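Structure file entry_35.pdb; described as PDB, C-alpha atoms, pLDDT in the B column.
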ATOM      1  CA  MET U   1       0.000   0.000   0.000  1.00 50.00           C
ATOM      2  CA  PRO U   2       1.630   3.297  -1.080  1.00 51.00           C
ATOM      3  CA  GLY U   3       0.689   5.508   1.900  1.00 48.00           C
ATOM      4  CA  SER U   4       0.957   2.921   4.639  1.00 42.00           C
ATOM      5  CA  HIS U   5       3.429   2.867   7.512  1.00 38.00           C
ATOM      6  CA  ARG U   6       5.112  -0.228   6.072  1.00 46.00           C
ATOM      7  CA  SER U   7       5.835   1.362   2.709  1.00 41.00           C
ATOM      8  CA  ARG U   8       7.242   4.499   4.380  1.00 36.00           C
ATOM      9  CA  THR U   9       9.514   2.318   6.521  1.00 40.00           C
ATOM     10  CA  ARG U  10      10.747   0.466   3.417  1.00 49.00           C
ATOM     11  CA  GLU U  11      11.324   3.755   1.589  1.00 46.00           C
ATOM     12  CA  ALA U  12      13.281   5.184   4.531  1.00 42.00           C
ATOM     13  CA  ALA U  13      15.380   2.022   4.766  1.00 47.00           C
ATOM     14  CA  ALA U  14      16.123   2.221   1.046  1.00 51.00           C
ATOM     15  CA  CYS U  15      17.208   5.877   1.371  1.00 45.00           C
ATOM     16  CA  ALA U  16      19.481   5.304   4.365  1.00 45.00           C
ATOM     17  CA  PRO U  17      22.586   4.236   2.387  1.00 54.00           C
ATOM     18  CA  ALA U  18      22.222   7.276   0.105  1.00 49.00           C
ATOM     19  CA  ILE U  19      21.915   9.589   3.127  1.00 44.00           C
ATOM     20  CA  ASP U  20      24.961   7.999   4.788  1.00 49.00           C
ATOM     21  CA  ALA U  21      26.965   8.441   1.577  1.00 52.00           C
ATOM     22  CA  ALA U  22      25.855  12.073   1.256  1.00 49.00           C
ATOM     23  CA  ILE U  23      26.967  13.031   4.770  1.00 47.00           C
ATOM     24  CA  GLY U  24      30.251  11.158   4.688  1.00 55.00           C
ATOM     25  CA  GLY U  25      29.238   7.634   5.606  1.00 56.00           C
ATOM     26  CA  GLY U  26      28.221   6.253   8.958  1.00 70.00           C
ATOM     27  CA  GLU U  27      31.153   3.852   9.208  1.00 78.00           C
ATOM     28  CA  ALA U  28      33.770   6.604   8.974  1.00 76.00           C
ATOM     29  CA  MET U  29      32.009   8.672  11.620  1.00 77.00           C
ATOM     30  CA  THR U  30      31.688   5.645  13.882  1.00 81.00           C
ATOM     31  CA  ALA U  31      35.372   4.832  13.499  1.00 80.00           C
ATOM     32  CA  LEU U  32      36.321   8.445  14.223  1.00 83.00           C
ATOM     33  CA  ARG U  33      34.083   8.439  17.290  1.00 83.00           C
ATOM     34  CA  LEU U  34      35.701   5.219  18.567  1.00 84.00           C
ATOM     35  CA  VAL U  35      39.200   6.618  18.115  1.00 83.00           C
ATOM     36  CA  LEU U  36      38.358   9.919  19.801  1.00 86.00           C
ATOM     37  CA  ILE U  37      36.680   8.312  22.800  1.00 85.00           C
ATOM     38  CA  SER U  38      39.511   5.772  23.122  1.00 84.00           C
ATOM     39  CA  LEU U  39      41.984   8.674  23.262  1.00 86.00           C
ATOM     40  CA  LEU U  40      39.896  10.962  25.447  1.00 90.00           C
ATOM     41  CA  ALA U  41      38.893   8.406  28.110  1.00 90.00           C
ATOM     42  CA  PRO U  42      42.441   7.934  29.504  1.00 90.00           C
ATOM     43  CA  ILE U  43      43.073  11.686  29.380  1.00 93.00           C
ATOM     44  CA  LEU U  44      39.835  12.361  31.245  1.00 94.00           C
ATOM     45  CA  ALA U  45      40.720   9.590  33.716  1.00 94.00           C
ATOM     46  CA  ALA U  46      44.092  11.220  34.427  1.00 94.00           C
ATOM     47  CA  VAL U  47      42.462  14.620  34.923  1.00 96.00           C
ATOM     48  CA  ALA U  48      39.836  13.071  37.217  1.00 96.00           C
ATOM     49  CA  PHE U  49      42.572  11.300  39.216  1.00 95.00           C
ATOM     50  CA  LEU U  50      44.414  14.573  39.769  1.00 96.00           C
ATOM     51  CA  ALA U  51      41.234  16.543  40.500  1.00 97.00           C
ATOM     52  CA  LEU U  52      39.868  14.076  43.063  1.00 96.00           C
ATOM     53  CA  ASN U  53      43.244  13.713  44.756  1.00 94.00           C
ATOM     54  CA  TRP U  54      43.603  17.502  44.932  1.00 96.00           C
ATOM     55  CA  SER U  55      40.018  17.821  46.214  1.00 96.00           C
ATOM     56  CA  GLY U  56      40.820  15.457  49.069  1.00 94.00           C
ATOM     57  CA  GLY U  57      43.715  17.697  50.114  1.00 93.00           C
ATOM     58  CA  GLU U  58      41.569  20.820  49.867  1.00 95.00           C
ATOM     59  CA  LEU U  59      38.787  19.202  51.878  1.00 95.00           C
ATOM     60  CA  ALA U  60      41.292  18.212  54.566  1.00 94.00           C
ATOM     61  CA  ALA U  61      42.429  21.828  54.803  1.00 92.00           C
ATOM     62  CA  ARG U  62      38.832  23.070  55.044  1.00 94.00           C
ATOM     63  CA  LEU U  63      38.114  20.506  57.755  1.00 93.00           C
ATOM     64  CA  HIS U  64      41.200  21.804  59.611  1.00 91.00           C
ATOM     65  CA  LEU U  65      42.979  18.453  59.649  1.00 90.00           C
ATOM     66  CA  PRO U  66      46.560  18.952  60.790  1.00 89.00           C
ATOM     67  CA  PRO U  67      49.035  18.770  57.883  1.00 85.00           C
ATOM     68  CA  GLY U  68      50.998  15.831  59.297  1.00 84.00           C
ATOM     69  CA  GLY U  69      50.576  12.705  61.337  1.00 88.00           C
ATOM     70  CA  THR U  70      48.811   9.414  61.006  1.00 91.00           C
ATOM     71  CA  ALA U  71      45.285  10.773  60.576  1.00 91.00           C
ATOM     72  CA  ARG U  72      46.257  13.001  57.661  1.00 92.00           C
ATOM     73  CA  LEU U  73      48.294  10.255  55.987  1.00 93.00           C
ATOM     74  CA  ALA U  74      45.336   7.859  56.276  1.00 94.00           C
ATOM     75  CA  TRP U  75      43.095  10.575  54.801  1.00 94.00           C
ATOM     76  CA  ASP U  76      45.499  11.101  51.894  1.00 94.00           C
ATOM     77  CA  LEU U  77      45.834   7.367  51.268  1.00 95.00           C
ATOM     78  CA  ALA U  78      42.052   6.966  51.146  1.00 95.00           C
ATOM     79  CA  TRP U  79      41.679   9.834  48.671  1.00 96.00           C
ATOM     80  CA  THR U  80      44.509   8.514  46.503  1.00 94.00           C
ATOM     81  CA  ILE U  81      42.874   5.077  46.305  1.00 95.00           C
ATOM     82  CA  ALA U  82      39.478   6.662  45.593  1.00 96.00           C
ATOM     83  CA  ALA U  83      41.029   8.770  42.818  1.00 95.00           C
ATOM     84  CA  ALA U  84      42.612   5.651  41.304  1.00 95.00           C
ATOM     85  CA  ALA U  85      39.259   3.853  41.427  1.00 95.00           C
ATOM     86  CA  LEU U  86      37.565   6.800  39.700  1.00 95.00           C
ATOM     87  CA  ALA U  87      40.214   6.830  36.964  1.00 94.00           C
ATOM     88  CA  LEU U  88      39.767   3.099  36.383  1.00 94.00           C
ATOM     89  CA  TRP U  89      35.990   3.449  36.339  1.00 94.00           C
ATOM     90  CA  ILE U  90      36.164   6.155  33.682  1.00 93.00           C
ATOM     91  CA  VAL U  91      38.413   4.093  31.432  1.00 92.00           C
ATOM     92  CA  ALA U  92      36.513   0.841  32.027  1.00 91.00           C
ATOM     93  CA  ARG U  93      33.059   2.300  31.467  1.00 89.00           C
ATOM     94  CA  TRP U  94      33.783   4.758  28.656  1.00 87.00           C
ATOM     95  CA  ALA U  95      36.080   2.634  26.515  1.00 83.00           C
ATOM     96  CA  PRO U  96      34.091   1.979  23.333  1.00 80.00           C
ATOM     97  CA  VAL U  97      36.142  -1.076  22.310  1.00 81.00           C
ATOM     98  CA  ALA U  98      38.449  -3.458  24.168  1.00 83.00           C
ATOM     99  CA  ALA U  99      37.329  -2.102  27.531  1.00 86.00           C
ATOM    100  CA  ARG U 100      39.166  -4.770  29.501  1.00 90.00           C
ATOM    101  CA  ALA U 101      42.410  -4.158  27.640  1.00 89.00           C
ATOM    102  CA  GLN U 102      42.140  -0.398  28.175  1.00 90.00           C
ATOM    103  CA  ALA U 103      41.264  -0.873  31.855  1.00 91.00           C
ATOM    104  CA  ALA U 104      44.235  -3.234  32.216  1.00 92.00           C
ATOM    105  CA  LEU U 105      46.549  -0.631  30.672  1.00 92.00           C
ATOM    106  CA  ALA U 106      45.179   2.045  33.005  1.00 93.00           C
ATOM    107  CA  TRP U 107      45.693  -0.291  35.978  1.00 94.00           C
ATOM    108  CA  LEU U 108      49.260  -0.997  34.828  1.00 95.00           C
ATOM    109  CA  ALA U 109      49.948   2.752  34.692  1.00 94.00           C
ATOM    110  CA  LEU U 110      48.544   3.190  38.212  1.00 94.00           C
ATOM    111  CA  ALA U 111      50.511   0.192  39.481  1.00 95.00           C
ATOM    112  CA  ALA U 112      53.719   1.550  37.938  1.00 96.00           C
ATOM    113  CA  MET U 113      53.133   4.922  39.609  1.00 93.00           C
ATOM    114  CA  ALA U 114      52.463   3.256  42.975  1.00 94.00           C
ATOM    115  CA  VAL U 115      55.558   1.048  42.772  1.00 95.00           C
ATOM    116  CA  TRP U 116      57.681   4.025  41.693  1.00 94.00           C
ATOM    117  CA  ALA U 117      56.318   6.131  44.567  1.00 92.00           C
ATOM    118  CA  VAL U 118      57.047   3.423  47.141  1.00 93.00           C
ATOM    119  CA  ALA U 119      60.505   2.713  45.718  1.00 93.00           C
ATOM    120  CA  ASN U 120      61.560   6.358  45.496  1.00 94.00           C
ATOM    121  CA  LEU U 121      59.554   8.049  48.228  1.00 88.00           C
ATOM    122  CA  GLY U 122      58.780   5.143  50.542  1.00 75.00           C
ATOM    123  CA  GLY U 123      61.408   6.126  53.084  1.00 83.00           C
ATOM    124  CA  GLU U 124      59.530   9.358  53.756  1.00 87.00           C
ATOM    125  CA  PHE U 125      56.323   7.559  54.743  1.00 89.00           C
ATOM    126  CA  PRO U 126      55.475   4.927  57.365  1.00 92.00           C
ATOM    127  CA  LEU U 127      55.420   1.290  56.308  1.00 93.00           C
ATOM    128  CA  TRP U 128      51.636   1.041  56.672  1.00 94.00           C
ATOM    129  CA  PHE U 129      51.156   3.849  54.113  1.00 93.00           C
ATOM    130  CA  ASP U 130      53.394   2.129  51.542  1.00 93.00           C
ATOM    131  CA  ALA U 131      51.733  -1.207  52.240  1.00 94.00           C
ATOM    132  CA  GLY U 132      48.263   0.325  51.875  1.00 95.00           C
ATOM    133  CA  LEU U 133      49.183   1.852  48.545  1.00 93.00           C
ATOM    134  CA  LEU U 134      50.514  -1.444  47.212  1.00 95.00           C
ATOM    135  CA  LEU U 135      47.816  -3.650  48.761  1.00 95.00           C
ATOM    136  CA  ALA U 136      45.092  -1.552  47.125  1.00 96.00           C
ATOM    137  CA  LEU U 137      46.370  -2.534  43.676  1.00 93.00           C
ATOM    138  CA  PRO U 138      44.784  -6.021  43.524  1.00 93.00           C
ATOM    139  CA  ALA U 139      41.417  -4.626  44.619  1.00 93.00           C
ATOM    140  CA  LEU U 140      41.677  -1.852  42.024  1.00 93.00           C
ATOM    141  CA  GLY U 141      42.574  -4.409  39.357  1.00 91.00           C
ATOM    142  CA  TRP U 142      39.569  -6.526  40.284  1.00 91.00           C
ATOM    143  CA  LEU U 143      37.275  -3.478  40.164  1.00 90.00           C
ATOM    144  CA  GLY U 144      38.615  -2.437  36.765  1.00 89.00           C
ATOM    145  CA  TRP U 145      38.053  -5.962  35.477  1.00 89.00           C
ATOM    146  CA  ARG U 146      34.472  -6.048  36.805  1.00 89.00           C
ATOM    147  CA  TRP U 147      33.563  -2.576  35.569  1.00 88.00           C
ATOM    148  CA  SER U 148      34.930  -3.235  32.085  1.00 87.00           C
ATOM    149  CA  GLY U 149      32.911  -6.427  31.710  1.00 82.00           C
ATOM    150  CA  SER U 150      29.538  -4.855  32.497  1.00 67.00           C
ATOM    151  CA  PRO U 151      27.298  -3.979  29.568  1.00 61.00           C
ATOM    152  CA  ARG U 152      27.478  -0.371  28.434  1.00 57.00           C
ATOM    153  CA  PHE U 153      24.409   1.867  28.413  1.00 50.00           C
ATOM    154  CA  ASP U 154      24.149   1.730  24.630  1.00 52.00           C
ATOM    155  CA  GLU U 155      24.275  -2.084  24.759  1.00 55.00           C
ATOM    156  CA  THR U 156      21.371  -2.333  27.216  1.00 56.00           C
ATOM    157  CA  HIS U 157      19.254   0.461  25.698  1.00 49.00           C
ATOM    158  CA  PRO U 158      19.235   0.037  21.916  1.00 53.00           C
ATOM    159  CA  THR U 159      18.228   3.056  19.886  1.00 51.00           C
TER     160      THR U 159
END

Can you turn what I pasted into structure tokens?
Amino acid sequence: MPGSHRSRTREAAACAPAIDAAIGGGEAMTALRLVLISLLAPILAAVAFLALNWSGGELAARLHLPPGGTARLAWDLAWTIAAAALALWIVARWAPVAARAQAALAWLALAAMAVWAVANLGGEFPLWFDAGLLLALPALGWLGWRWSGSPRFDETHPT
């Protein structure tokens, strides 16, 4: 039937390849989007790591925590681990392809930073602080693995 819903749907489906070709093709735009998000997710994760870690220090100052001692070191350790978890979450959840591989690379970068910090700065901090930083790594790795395996929003809510 010429004016029916079914014929309009068939006509629209037939025009879709011509529209995609006219605006540059859907595949090229999708590939560009994947590349951009794959590059931007780790950058955003690094910025979020720095911002949350800095925010923890600012909040400690506003709460009038003394700038030294065990309580402040525990506070800083907790905020550092939370910032690492946020960075992993961003990479794991926003990676458009190979989410587990990208989360694993982000975890490796965090682990390298933690090992470097303990090896080069560990003498300036108590043993429990260094141990806490290193012992958080397996939990962060597990979280990154779990978050990267969950379905993305666009996979659970098709358009």

If I take atom CA of U:Ile37 and atom CA of U:Ala103, how far is one from the other in Å, to one decimal?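 Rounded to one decimal, the two atoms are 13.7 Å apart.
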
Starting from the displayed file, determine the output of the PyMOL selection byres ((chain U and resi 143) around 10) and express the residue list as an NGL selection string. :U and (85 or 88-89 or 92 or 103 or 107 or 137-142 or 144-149)

Output C-alpha atoms of each residue in that selection to a file, as a PDB file, in the coordinates of the input.
ATOM      1  CA  ALA U  85      39.259   3.853  41.427  1.00 95.00           C
ATOM      2  CA  LEU U  88      39.767   3.099  36.383  1.00 94.00           C
ATOM      3  CA  TRP U  89      35.990   3.449  36.339  1.00 94.00           C
ATOM      4  CA  ALA U  92      36.513   0.841  32.027  1.00 91.00           C
ATOM      5  CA  ALA U 103      41.264  -0.873  31.855  1.00 91.00           C
ATOM      6  CA  TRP U 107      45.693  -0.291  35.978  1.00 94.00           C
ATOM      7  CA  LEU U 137      46.370  -2.534  43.676  1.00 93.00           C
ATOM      8  CA  PRO U 138      44.784  -6.021  43.524  1.00 93.00           C
ATOM      9  CA  ALA U 139      41.417  -4.626  44.619  1.00 93.00           C
ATOM     10  CA  LEU U 140      41.677  -1.852  42.024  1.00 93.00           C
ATOM     11  CA  GLY U 141      42.574  -4.409  39.357  1.00 91.00           C
ATOM     12  CA  TRP U 142      39.569  -6.526  40.284  1.00 91.00           C
ATOM     13  CA  GLY U 144      38.615  -2.437  36.765  1.00 89.00           C
ATOM     14  CA  TRP U 145      38.053  -5.962  35.477  1.00 89.00           C
ATOM     15  CA  ARG U 146      34.472  -6.048  36.805  1.00 89.00           C
ATOM     16  CA  TRP U 147      33.563  -2.576  35.569  1.00 88.00           C
ATOM     17  CA  SER U 148      34.930  -3.235  32.085  1.00 87.00           C
ATOM     18  CA  GLY U 149      32.911  -6.427  31.710  1.00 82.00           C
TER      19      GLY U 149
END

My list of candidates is U:Leu127, U:Met29, U:Leu121, U:Ala83. Which is closest to U:Phe49 when distances are computed with only C-alpha atoms?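 Distance minimum relative to U:Phe49 lands on U:Ala83.
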
What does the structure give for the distance between atom CA of U:Gln102 and atom CA of U:Val35, in Å to one decimal?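 These two atoms are separated by 12.6 Å.
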
Output check: residues returned by the PyMOL selection byres ((chain U and resi 46) around 10), as a list in words: Leu40, Ala41, Pro42, Ile43, Leu44, Ala45, Val47, Ala48, Phe49, Leu50, Ala51, Ala83, Ala84, Leu86, Ala87, Leu88, Ile90, Val91, Ala106 and Leu110 of chain U

Keeping only C-alpha atoms, write the selected residues as a PDB file, in the frame of the given file.
ATOM      1  CA  LEU U  40      39.896  10.962  25.447  1.00 90.00           C
ATOM      2  CA  ALA U  41      38.893   8.406  28.110  1.00 90.00           C
ATOM      3  CA  PRO U  42      42.441   7.934  29.504  1.00 90.00           C
ATOM      4  CA  ILE U  43      43.073  11.686  29.380  1.00 93.00           C
ATOM      5  CA  LEU U  44      39.835  12.361  31.245  1.00 94.00           C
ATOM      6  CA  ALA U  45      40.720   9.590  33.716  1.00 94.00           C
ATOM      7  CA  VAL U  47      42.462  14.620  34.923  1.00 96.00           C
ATOM      8  CA  ALA U  48      39.836  13.071  37.217  1.00 96.00           C
ATOM      9  CA  PHE U  49      42.572  11.300  39.216  1.00 95.00           C
ATOM     10  CA  LEU U  50      44.414  14.573  39.769  1.00 96.00           C
ATOM     11  CA  ALA U  51      41.234  16.543  40.500  1.00 97.00           C
ATOM     12  CA  ALA U  83      41.029   8.770  42.818  1.00 95.00           C
ATOM     13  CA  ALA U  84      42.612   5.651  41.304  1.00 95.00           C
ATOM     14  CA  LEU U  86      37.565   6.800  39.700  1.00 95.00           C
ATOM     15  CA  ALA U  87      40.214   6.830  36.964  1.00 94.00           C
ATOM     16  CA  LEU U  88      39.767   3.099  36.383  1.00 94.00           C
ATOM     17  CA  ILE U  90      36.164   6.155  33.682  1.00 93.00           C
ATOM     18  CA  VAL U  91      38.413   4.093  31.432  1.00 92.00           C
ATOM     19  CA  ALA U 106      45.179   2.045  33.005  1.00 93.00           C
ATOM     20  CA  LEU U 110      48.544   3.190  38.212  1.00 94.00           C
TER      21      LEU U 110
END

Could you please determine the separation between atom CA of U:Asp130 and atom CA of U:Leu105 in Å, to one decimal place? 22.1 Å

Six-sided padding of 6 Å per side, axis-aligned box over stretch 39-54 of chain U, centre and edges in Å, one decimal, as lines of an AutoDock Vina configuration file:
center_x = 41.7
center_y = 12.7
center_z = 34.1
size_x = 17.5
size_y = 21.6
size_z = 33.7

Considering all atoms listed in the file, can you say which of U:Ala111, U:Ala95, U:Leu134, U:Leu77 comes closest to U:Arg33?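 That would be U:Ala95, the residue with the smallest distance to U:Arg33.
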
Among listed residues U:Leu133, U:Ala117, U:Ala101, U:Leu39, nearest U:Asp76 (using all atoms listed in the file):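 Of U:Leu133, U:Ala117, U:Ala101, U:Leu39, the one nearest U:Asp76, counting all atoms listed in the file, is U:Leu133.
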
Restricting the calculation to all atoms listed in the file: of U:Ala71, U:Ala28, U:Ala131, U:Leu59, which residue gets closest to U:Ala119?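 Using all atoms listed in the file, U:Ala119 sits closest to U:Ala131.
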
Check the smallest atom-to-atom distance from each of U:Leu36, U:Leu135, U:Ala60, U:Leu73 to U:Val115 using all atoms listed in the file, then report the winner.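 Counting all atoms listed in the file, the residue closest to U:Val115 is U:Leu135.
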